[in-house]
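The file target_15.txt contains compact mmCIF, C-alpha atoms and all ligand atoms:
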# COMPACT_ATOMS: atom_id res chain seq x y z
CA MET A 90 0.00 0.00 0.00
CA LYS A 91 1.17 3.49 -0.79
CA GLU A 92 1.10 5.89 2.10
CA LYS A 93 1.13 9.01 0.03
CA GLU A 94 -1.77 11.00 -1.23
CA VAL A 95 -1.13 14.56 -2.27
CA GLN A 96 -3.52 17.02 -0.70
CA ASN A 97 -3.48 19.38 -3.60
CA TYR A 98 -3.38 18.36 -7.24
CA GLU A 99 -2.00 21.80 -8.14
CA THR A 100 1.39 20.67 -6.81
CA LEU A 101 1.28 17.61 -9.07
CA ILE A 102 0.35 19.74 -12.05
CA GLU A 103 3.21 22.12 -11.25
CA SER A 104 5.66 19.18 -11.01
CA ALA A 105 4.43 17.86 -14.37
CA ARG A 106 5.06 21.29 -15.91
CA LYS A 107 8.60 21.31 -14.54
CA ILE A 108 9.32 17.83 -15.89
CA VAL A 109 8.11 18.78 -19.38
CA SER A 110 10.07 22.05 -19.50
CA ARG A 111 13.45 20.53 -18.64
CA ASN A 112 16.18 20.78 -21.27
CA GLY A 113 18.29 17.88 -22.49
CA VAL A 114 15.78 15.21 -21.52
CA SER A 115 14.07 12.98 -24.10
CA ARG A 116 10.33 12.84 -24.55
CA ASP A 117 10.18 9.26 -23.30
CA GLN A 118 12.21 10.11 -20.22
CA LYS A 119 9.77 12.92 -19.44
CA LEU A 120 6.75 10.65 -19.95
CA GLN A 121 8.41 8.10 -17.68
CA GLU A 122 8.92 10.71 -14.96
CA ILE A 123 5.33 11.91 -15.24
CA SER A 124 4.07 8.31 -14.97
CA LYS A 125 6.12 7.89 -11.80
CA LEU A 126 4.98 11.22 -10.39
CA LEU A 127 1.34 10.17 -10.74
CA ALA A 128 1.85 6.58 -9.53
CA ASP A 129 3.84 7.71 -6.50
CA ASN A 130 1.47 10.44 -5.37
CA VAL A 131 -2.05 9.21 -5.97
CA GLN A 132 -3.27 6.34 -3.84
CA ALA A 133 -5.76 5.04 -6.40
CA PHE A 134 -3.24 4.85 -9.27
CA ASP A 135 -1.61 1.41 -9.47
CA TRP A 136 -0.52 1.37 -13.13
CA VAL A 137 0.25 4.57 -15.00
CA GLY A 138 1.49 4.76 -18.55
CA PHE A 139 1.28 6.21 -22.02
CA TYR A 140 0.15 4.58 -25.24
CA LEU A 141 1.29 6.41 -28.36
CA VAL A 142 -0.16 6.40 -31.88
CA ASP A 143 2.26 4.34 -33.98
CA PRO A 144 3.06 6.47 -37.04
CA ASN A 145 4.19 3.34 -38.89
CA ALA A 146 0.98 1.39 -38.38
CA ASN A 147 -2.64 1.85 -39.38
CA ARG A 148 -4.67 3.10 -36.39
CA GLU A 149 -2.69 1.26 -33.77
CA LEU A 150 -1.38 2.23 -30.33
CA VAL A 151 2.03 1.21 -29.09
CA LEU A 152 2.96 1.04 -25.42
CA GLY A 153 5.21 3.89 -24.29
CA PRO A 154 6.74 4.66 -20.90
CA TYR A 155 4.86 3.26 -17.90
CA VAL A 156 5.13 2.43 -14.20
CA GLY A 157 3.60 -0.77 -12.82
CA GLU A 158 3.23 -4.43 -13.71
CA GLU A 159 4.39 -5.56 -17.12
CA THR A 160 1.54 -5.84 -19.62
CA ASP A 161 0.95 -8.15 -22.61
CA HIS A 162 -0.86 -5.31 -24.35
CA THR A 163 2.08 -3.63 -26.02
CA ARG A 164 0.09 -2.91 -29.20
CA ILE A 165 -3.63 -2.08 -29.23
CA PRO A 166 -5.69 -1.44 -32.38
CA PHE A 167 -8.03 1.57 -32.34
CA GLY A 168 -11.45 0.42 -31.10
CA LYS A 169 -10.12 -2.43 -28.98
CA GLY A 170 -10.32 -2.31 -25.18
CA ILE A 171 -10.77 0.83 -23.12
CA CYS A 172 -7.57 2.24 -24.62
CA GLY A 173 -8.60 1.59 -28.21
CA GLN A 174 -12.07 3.03 -27.65
CA ALA A 175 -10.61 6.25 -26.19
CA ALA A 176 -8.33 6.45 -29.23
CA GLU A 177 -11.34 6.23 -31.51
CA THR A 178 -13.52 8.80 -29.71
CA ASN A 179 -10.64 11.12 -28.68
CA GLU A 180 -12.45 11.55 -25.35
CA THR A 181 -11.70 10.66 -21.74
CA PHE A 182 -13.06 7.22 -20.85
CA VAL A 183 -13.71 6.50 -17.16
CA VAL A 184 -14.53 2.94 -16.08
CA GLN A 185 -15.38 2.49 -12.41
CA ASP A 186 -15.85 -1.29 -12.70
CA VAL A 187 -13.98 -3.06 -15.49
CA SER A 188 -15.96 -6.29 -14.90
CA LYS A 189 -18.96 -4.54 -16.44
CA GLU A 190 -17.15 -3.76 -19.70
CA ASP A 191 -17.37 -6.17 -22.63
CA ASN A 192 -14.72 -4.41 -24.69
CA TYR A 193 -11.92 -4.55 -22.14
CA LEU A 194 -8.36 -5.90 -22.22
CA ALA A 195 -7.23 -7.19 -18.83
CA CYS A 196 -3.79 -5.96 -17.90
CA SER A 197 -3.80 -7.80 -14.58
CA VAL A 198 -6.42 -9.62 -12.52
CA HIS A 199 -6.10 -6.98 -9.81
CA VAL A 200 -7.41 -4.12 -11.94
CA GLU A 201 -10.93 -2.95 -11.06
CA ALA A 202 -11.13 0.59 -12.43
CA GLU A 203 -9.47 2.45 -15.28
CA ILE A 204 -9.28 5.93 -16.79
CA VAL A 205 -7.91 6.80 -20.21
CA VAL A 206 -7.26 10.42 -21.14
CA PRO A 207 -6.38 11.37 -24.72
CA VAL A 208 -3.40 13.58 -25.51
CA LYS A 209 -4.25 15.90 -28.36
CA LYS A 210 -2.03 17.92 -30.65
CA ASP A 211 -3.97 20.66 -32.43
CA GLY A 212 -7.11 18.67 -31.59
CA GLU A 213 -5.77 15.49 -33.16
CA PHE A 214 -5.35 12.32 -31.08
CA VAL A 215 -1.62 11.56 -30.70
CA ALA A 216 -1.34 9.53 -27.49
CA GLU A 217 -3.16 8.67 -24.29
CA LEU A 218 -2.55 8.48 -20.60
CA ASP A 219 -3.84 5.16 -19.22
CA ILE A 220 -4.31 4.55 -15.50
CA ASP A 221 -5.45 1.40 -13.72
CA SER A 222 -6.65 1.10 -10.14
CA HIS A 223 -6.98 -1.97 -7.96
CA LYS A 224 -10.05 -0.42 -6.40
CA LYS A 225 -13.54 -0.13 -7.85
CA ASP A 226 -15.17 3.31 -8.09
CA SER A 227 -11.86 5.00 -7.35
CA MET A 228 -11.61 7.39 -10.29
CA THR A 229 -12.89 10.77 -9.14
CA GLU A 230 -13.90 13.89 -10.99
CA GLU A 231 -10.83 15.58 -9.46
CA HIS A 232 -8.61 12.85 -10.92
CA ARG A 233 -10.18 13.37 -14.33
CA LYS A 234 -9.68 17.14 -14.25
CA MET A 235 -6.10 16.82 -13.04
CA LEU A 236 -5.23 14.20 -15.69
CA GLU A 237 -6.77 16.26 -18.47
CA LYS A 238 -4.54 19.12 -17.34
CA VAL A 239 -1.50 16.82 -17.36
CA SER A 240 -2.46 15.69 -20.84
CA GLU A 241 -2.45 19.33 -22.03
CA ILE A 242 0.94 19.82 -20.40
CA VAL A 243 2.55 16.85 -22.22
CA SER A 244 0.94 17.70 -25.58
CA PRO A 245 3.86 19.94 -26.76
CA LEU A 246 6.16 16.91 -26.46
CA PHE A 247 4.43 15.39 -29.49
N1 LIG A 301 -7.08 -2.25 -19.88
C1 LIG A 301 -6.68 -1.66 -21.13
C2 LIG A 301 -5.43 -2.33 -21.67
C3 LIG A 301 -4.16 -1.71 -21.25
S1 LIG A 301 -3.64 -2.21 -19.71
O1 LIG A 301 -4.64 -1.69 -18.75
C4 LIG A 301 -2.19 -1.52 -19.35
C5 LIG A 301 -7.80 -1.69 -22.13
O2 LIG A 301 -8.84 -2.29 -21.89
O3 LIG A 301 -7.63 -1.11 -23.19

Let's see the structure in the file written out as structure tokens.
Amino acid sequence: MKEKEVQNYETLIESARKIVSRNGVSRDQKLQEISKLLADNVQAFDWVGFYLVDPNANRELVLGPYVGEETDHTRIPFGKGICGQAAETNETFVVQDVSKEDNYLACSVHVEAEIVVPVKKDGEFVAELDIDSHKKDSMTEEHRKMLEKVSEIVSPLF
């Protein structure tokens, strides 16, 4: 169990901004640090990572930097699973109970809730932030707002 829970998401958002603005650090390194920042500071977040649109494939996501258990889902076609559906709609997808979803790809048996937030570049879907929780009903409106802000912050990296 993690002991930490930040009291104020503004601090997290500020830290994300700092990570993105650093010089001499690759995009993937920054995405890795942001994944860790979120996983370390939010109790409900057990797996945090990015899926990126593969420019060399046809409507397919490829796993990018992440923190948490290894996943078999390293490539996900648009439309498949929660991740693929968010890629198709270009909208945040919140699932409070994954057992109720038919179109779902299990990353681990422990996962009970998931949120996927698109990263947009000039309105176009370029990547997504995917977060799993081991607790049902754990994705709050505050989480969603904070993650959508983080998504805007990482957008210039693409
Ligand atoms: N659960 C996701 C697959 C990715 S793993 O959670 C890391 C989905 O249904 O698309």

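Taking all atoms listed in the file into account, ligand LIG 301 (chain A) has within 6 Å the residues Thr160, His162, Gly170, Ile171, Cys172, Gly173, Tyr193, Leu194, Ala195, Cys196 and Asp221 of chain A.
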
Quick one, how far is CA of Ile165 (chain A) from CA of Glu149 (chain A)? 5.7 Å

Quick one: residues within 10 Å of Thr163 (chain A), only C-alpha atoms counted, chain neighbours fewer than 6 positions away excluded, as a PyMOL selection string? chain A and resi 140+150-153

Which neighbours of region 179-190 of chain A fall inside 12 Å, counting only C-alpha atoms, when residues of the same chain fewer than 2 positions from it are skipped, and could you give them as a VMD selection string? chain A and resid 133 142 167 to 177 192 to 210 212 to 230 232 to 234 236 to 238 240

Shortest contact to Leu126 (chain A), candidates A:Leu246, A:Met235, A:Ala105, A:Val114, atoms counted all atoms listed in the file, goes to A:Ala105

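Going from CA of Ala146 (chain A) over to CA of Lys119 (chain A), you cover 23.9 Å.
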
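When only C-alpha atoms are used to compute distances to Gln118 (chain A), the closest of the residues A:Pro154, A:Glu99, A:Gly138, A:Pro245 turns out to be A:Pro154.
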
Got a sec: who's within 10 Å of Glu122 (chain A), counting all atoms listed in the file, leaving out chain neighbours fewer than 6 positions off, as a list in words? Ser104, Ala105, Ile108, Val109, Arg116, Ala128, Pro154, Tyr155 and Val156 of chain A

What is the CA of Val131 (chain A) to CA of Glu94 (chain A) distance in Å? 5.1 Å
